[in-house]
Amino acid sequence: MTISADDDAVLVAHARAGDPDAFAVLVRRHAPMAMRTAALLGAGANAEDVVQDALVKAYGSLGRFREGRPFRAWLLRIVANETRNAHRSSTRRSAREQRTPPPELLDPVGEVVHREEKQRLLDALDRLPVTLRAVVTCRYLLELDEAETAEVLSVPRGTVKSRLSRGLARLRVELDAGTDSEVGHV
Amino acid sequence: MSDALEARLRELGRDVRVEVPRDLEAAVMTRVRAAPVPSVGRRTRLRRWVAGAFLGLLGVGVVASPVGASVLDWFGFHGVVVVGGQPRATDEPTVPGEPAGLGLDAAADLAGFTPVVPALLGDPDGVAVSADGEIVSLSWGSGEDTVRLDEFRGSIDPMFLKSVDQSRIVTIDAGVALWLATPHDVGVVTDDGSTRRLDARLAAPTLVWTQGDLTLRLEGDRTLEQAVAIAESAR
């Protein structure tokens, strides 16, 4: 079940040489993460269109892909860019859809207490400035490592580090404040 | 409450269910199969139809440019894109030389690859490495007689952007080369996905070819035959 990066590299080489079936394998392999990335970065109802466009663009850009680099991060970068473009071109309607992630995506099976706690966390995440939110989302919700986060968001690693620590600090403040006030009310 | 914040965020992420639409793969592959084989280059938006134009013209062997087209042809040279249209009508192009002082070995250290030197030209008079360490430039002679050779790894940035009204594909020992006989704009495109041009200048006749994983661009007031001879002496 372990999929090695080498494996991706072989498939990329085949796809580049004009074998679309090899690209189909890459699509199948990375579609779940691509969908998650689009949804969590705020593509909302457009996630499917965004991912479809991103995958087609990725195919067209395979010649640009630098051999030896991780394919997944490269692909997710295209997904992230498409997500941003989708925001830019859509109307105010989608402002709501930029919530990260939309609460309806949360697993409804969890215990109510946990759901409320998660909702609070989501709300706090939602109030972060978009640049901080994107880094926190990539690094923790999508569980990308620091290098992948930098690549996906097209920012230097140092920026990932600083935004991450600022994002977490703000979340802590928000959550602590929320907890205090609730304690006061109950 | 927030000491385990990172763990809680991870848990939140795992809690998010995002389905892959069942027809996603089919929809993508339908579009992919309708698109041309991906070609090597960087300008995604242009690539699809540019590649089509290139494949259509390959059979002819000689590429003539439709004047006024914003994009002329896509050539499969790493890091080089050619766009159509007339170059700026200005003076004769000048070929910038490089300063003496840097040795070839030092350049190789900075760039991470050993620059190719055409035997016909001998040791270069000037050697330079771009600030980002990705392009090695060699130059010979001075004034109107200057010849320069820019070398870079195929898949690296920046790449050269050329605007030409005439170009030919020629065959040399190393394979296929692109001959740009007339003055043309040359610039460098950065990796931010845009088409920003840096240091745009009018270039002299140029031969572009690839050797191993290097893309080489020879520029100077030389004929095609002279340029090919120089290219074929490059080791």
# chains A, B, ... in the order shown; residues from 1 in each chain; ligands from 1
$ select_by_dssp --residues "stretch 97-176 of chain B" --states "strand (DSSP E)" --output "MDAnalysis selection string"
chainID B and resid 126:129 135:140 147:153 159:163 168:172 175:176
$ interface_residues --of "chain A" --to "chain B" --cutoff "8 Å" --atoms "only C-alpha atoms" --output "ChimeraX atom specification"
/A:15-18,20,24,27-28,31-32,35-36,39,48,52-53,55-57,59-67,101,105-107,118,121,140-143,168,172,175-176
$ write_last_selection --atoms "C-alpha atoms" --output "PDB file, in the first residue's frame"
ATOM      1  CA  ALA A  15       2.818  10.766 -18.882  1.00  0.00           C
ATOM      2  CA  ARG A  16       5.339  13.264 -20.204  1.00  0.00           C
ATOM      3  CA  ALA A  17       6.265  10.871 -22.941  1.00  0.00           C
ATOM      4  CA  GLY A  18       2.653  10.918 -24.051  1.00  0.00           C
ATOM      5  CA  PRO A  20      -2.234   9.456 -20.654  1.00  0.00           C
ATOM      6  CA  ALA A  24      -4.792   8.556 -14.996  1.00  0.00           C
ATOM      7  CA  VAL A  27      -5.091  11.353 -10.913  1.00  0.00           C
ATOM      8  CA  ARG A  28      -6.583   8.421  -9.049  1.00  0.00           C
ATOM      9  CA  ALA A  31      -7.456  13.083  -6.283  1.00  0.00           C
ATOM     10  CA  PRO A  32      -8.466  12.565  -2.622  1.00  0.00           C
ATOM     11  CA  MET A  35     -10.100  17.473  -3.191  1.00  0.00           C
ATOM     12  CA  ARG A  36      -9.253  17.901   0.482  1.00  0.00           C
ATOM     13  CA  ALA A  39     -12.112  22.109   0.109  1.00  0.00           C
ATOM     14  CA  GLU A  48     -14.822  19.648  -7.865  1.00  0.00           C
ATOM     15  CA  GLN A  52     -10.757  19.109 -12.347  1.00  0.00           C
ATOM     16  CA  ASP A  53      -9.255  22.268 -13.830  1.00  0.00           C
ATOM     17  CA  LEU A  55      -5.582  18.298 -12.851  1.00  0.00           C
ATOM     18  CA  VAL A  56      -6.000  19.204 -16.505  1.00  0.00           C
ATOM     19  CA  LYS A  57      -3.620  22.125 -16.029  1.00  0.00           C
ATOM     20  CA  TYR A  59      -1.168  17.571 -17.302  1.00  0.00           C
ATOM     21  CA  GLY A  60      -0.522  20.500 -19.595  1.00  0.00           C
ATOM     22  CA  SER A  61       2.279  21.665 -17.306  1.00  0.00           C
ATOM     23  CA  LEU A  62       4.012  18.330 -16.885  1.00  0.00           C
ATOM     24  CA  GLY A  63       6.843  19.578 -19.068  1.00  0.00           C
ATOM     25  CA  ARG A  64       7.395  22.245 -16.446  1.00  0.00           C
ATOM     26  CA  PHE A  65       7.604  19.789 -13.622  1.00  0.00           C
ATOM     27  CA  ARG A  66      11.148  19.561 -12.359  1.00  0.00           C
ATOM     28  CA  GLU A  67      12.275  16.012 -12.256  1.00  0.00           C
ATOM     29  CA  PRO A 101     -13.446  23.988   6.159  1.00  0.00           C
ATOM     30  CA  LEU A 105     -17.958  18.572   5.924  1.00  0.00           C
ATOM     31  CA  LEU A 106     -17.359  17.619   9.517  1.00  0.00           C
ATOM     32  CA  ASP A 107     -18.031  14.045  10.394  1.00  0.00           C
ATOM     33  CA  LYS A 118     -14.486  21.392  16.902  1.00  0.00           C
ATOM     34  CA  LEU A 121     -11.939  25.604  16.689  1.00  0.00           C
ATOM     35  CA  TYR A 140      -2.108  20.729  10.396  1.00  0.00           C
ATOM     36  CA  LEU A 141      -5.474  20.044   8.807  1.00  0.00           C
ATOM     37  CA  LEU A 142      -3.933  18.685   5.629  1.00  0.00           C
ATOM     38  CA  GLU A 143      -0.899  17.418   7.546  1.00  0.00           C
ATOM     39  CA  LEU A 168      -1.161  29.337  16.353  1.00  0.00           C
ATOM     40  CA  ARG A 172      -4.622  30.201  21.315  1.00  0.00           C
ATOM     41  CA  LEU A 175      -9.723  29.870  22.118  1.00  0.00           C
ATOM     42  CA  ASP A 176      -8.639  30.896  25.599  1.00  0.00           C
TER      43      ASP A 176
END
$ residues_around --residues "B:Ala177" --least-positions-apart "4" --cutoff "8 Å" --atoms "only C-alpha atoms" --output "PyMOL selection string"
chain B and resi 169-172+207-210
$ write_last_selection --atoms "N, CA and C atoms" --output "short mmCIF file (atom, residue, chain, number, x, y, z; two decimals), in the first residue's frame"
data_model
loop_
_atom_site.label_atom_id
_atom_site.label_comp_id
_atom_site.auth_asym_id
_atom_site.auth_seq_id
_atom_site.Cartn_x
_atom_site.Cartn_y
_atom_site.Cartn_z
N ILE B 169 14.33 25.32 -37.73
CA ILE B 169 14.86 24.18 -37.00
C ILE B 169 15.92 23.54 -37.88
N VAL B 170 17.09 23.35 -37.32
CA VAL B 170 18.19 22.76 -38.11
C VAL B 170 18.71 21.54 -37.37
N THR B 171 19.41 20.71 -38.09
CA THR B 171 19.95 19.51 -37.47
C THR B 171 21.45 19.68 -37.25
N ILE B 172 21.87 19.38 -36.04
CA ILE B 172 23.30 19.41 -35.74
C ILE B 172 23.66 18.06 -35.11
N LEU B 207 21.70 30.58 -32.01
CA LEU B 207 21.45 29.15 -32.18
C LEU B 207 21.18 28.55 -30.80
N VAL B 208 20.09 27.83 -30.67
CA VAL B 208 19.74 27.20 -29.40
C VAL B 208 19.76 25.69 -29.59
N TRP B 209 20.42 25.00 -28.70
CA TRP B 209 20.39 23.54 -28.78
C TRP B 209 20.55 22.97 -27.38
N THR B 210 20.34 21.68 -27.28
CA THR B 210 20.52 21.05 -25.98
C THR B 210 21.62 20.01 -26.09
#
$ residues_around --residues "stretch 226-234 of chain B" --least-positions-apart "5" --cutoff "12 Å" --atoms "only C-alpha atoms" --output "VMD selection string"
chain B and resid 115 to 123 147 to 149 151 169 to 181 204 to 212 214 to 221
$ write_last_selection --atoms "C-alpha atoms" --output "short mmCIF file (atom, residue, chain, number, x, y, z; two decimals), in the first residue's frame"
data_model
loop_
_atom_site.label_atom_id
_atom_site.label_comp_id
_atom_site.auth_asym_id
_atom_site.auth_seq_id
_atom_site.Cartn_x
_atom_site.Cartn_y
_atom_site.Cartn_z
CA PRO B 115 30.09 24.61 -18.59
CA VAL B 116 30.53 23.33 -22.09
CA VAL B 117 33.25 25.12 -24.08
CA PRO B 118 33.26 24.97 -27.90
CA ALA B 119 36.73 23.98 -29.07
CA LEU B 120 36.43 26.30 -32.05
CA LEU B 121 36.22 29.29 -29.73
CA GLY B 122 38.78 28.14 -27.18
CA ASP B 123 38.97 29.47 -23.65
CA VAL B 147 30.08 35.90 -29.31
CA ARG B 148 28.42 34.68 -26.17
CA LEU B 149 27.20 31.33 -24.98
CA GLU B 151 24.24 27.65 -20.61
CA ILE B 169 14.86 24.18 -37.00
CA VAL B 170 18.19 22.76 -38.11
CA THR B 171 19.95 19.51 -37.47
CA ILE B 172 23.30 19.41 -35.74
CA ASP B 173 25.37 16.59 -34.26
CA ALA B 174 23.72 16.93 -30.89
CA GLY B 175 20.26 16.70 -32.42
CA VAL B 176 17.86 19.43 -33.28
CA ALA B 177 18.72 23.09 -32.94
CA LEU B 178 16.77 26.25 -33.34
CA TRP B 179 18.23 29.02 -35.48
CA LEU B 180 17.02 32.54 -34.96
CA ALA B 181 18.64 34.41 -37.84
CA ALA B 204 21.89 39.00 -32.47
CA PRO B 205 21.49 35.80 -34.51
CA THR B 206 21.19 32.91 -32.12
CA LEU B 207 21.45 29.15 -32.18
CA VAL B 208 19.74 27.20 -29.40
CA TRP B 209 20.39 23.54 -28.78
CA THR B 210 20.52 21.05 -25.98
CA GLN B 211 23.43 18.92 -24.96
CA GLY B 212 22.95 16.42 -22.16
CA LEU B 214 22.08 21.60 -20.64
CA THR B 215 20.37 24.08 -22.87
CA LEU B 216 22.83 26.23 -24.77
CA ARG B 217 22.26 29.47 -26.56
CA LEU B 218 24.98 30.84 -28.80
CA GLU B 219 24.60 34.45 -29.80
CA GLY B 220 26.73 36.53 -32.12
CA ASP B 221 27.07 37.93 -35.58
#
$ atom_distance --atom1 "atom CA of A:Leu125" --atom2 "atom CA of A:Leu41"
11.5 Å
$ residues_around --residues "A:Ala147" --least-positions-apart "6" --cutoff "12 Å" --atoms "only C-alpha atoms" --output "PyMOL selection string"
chain A and resi 69-70+72-74+77+135+138-139+153-161
$ residues_around --residues "B:Asp125" --least-positions-apart "4" --cutoff "10 Å" --atoms "only C-alpha atoms" --output "list in words"
Gly97, Glu98, Pro99, Ala100, Gly101, Leu102, Gly103, Leu121, Leu138, Ser139, Trp140, Gly141, Ser142, Thr146 and Arg148 of chain B
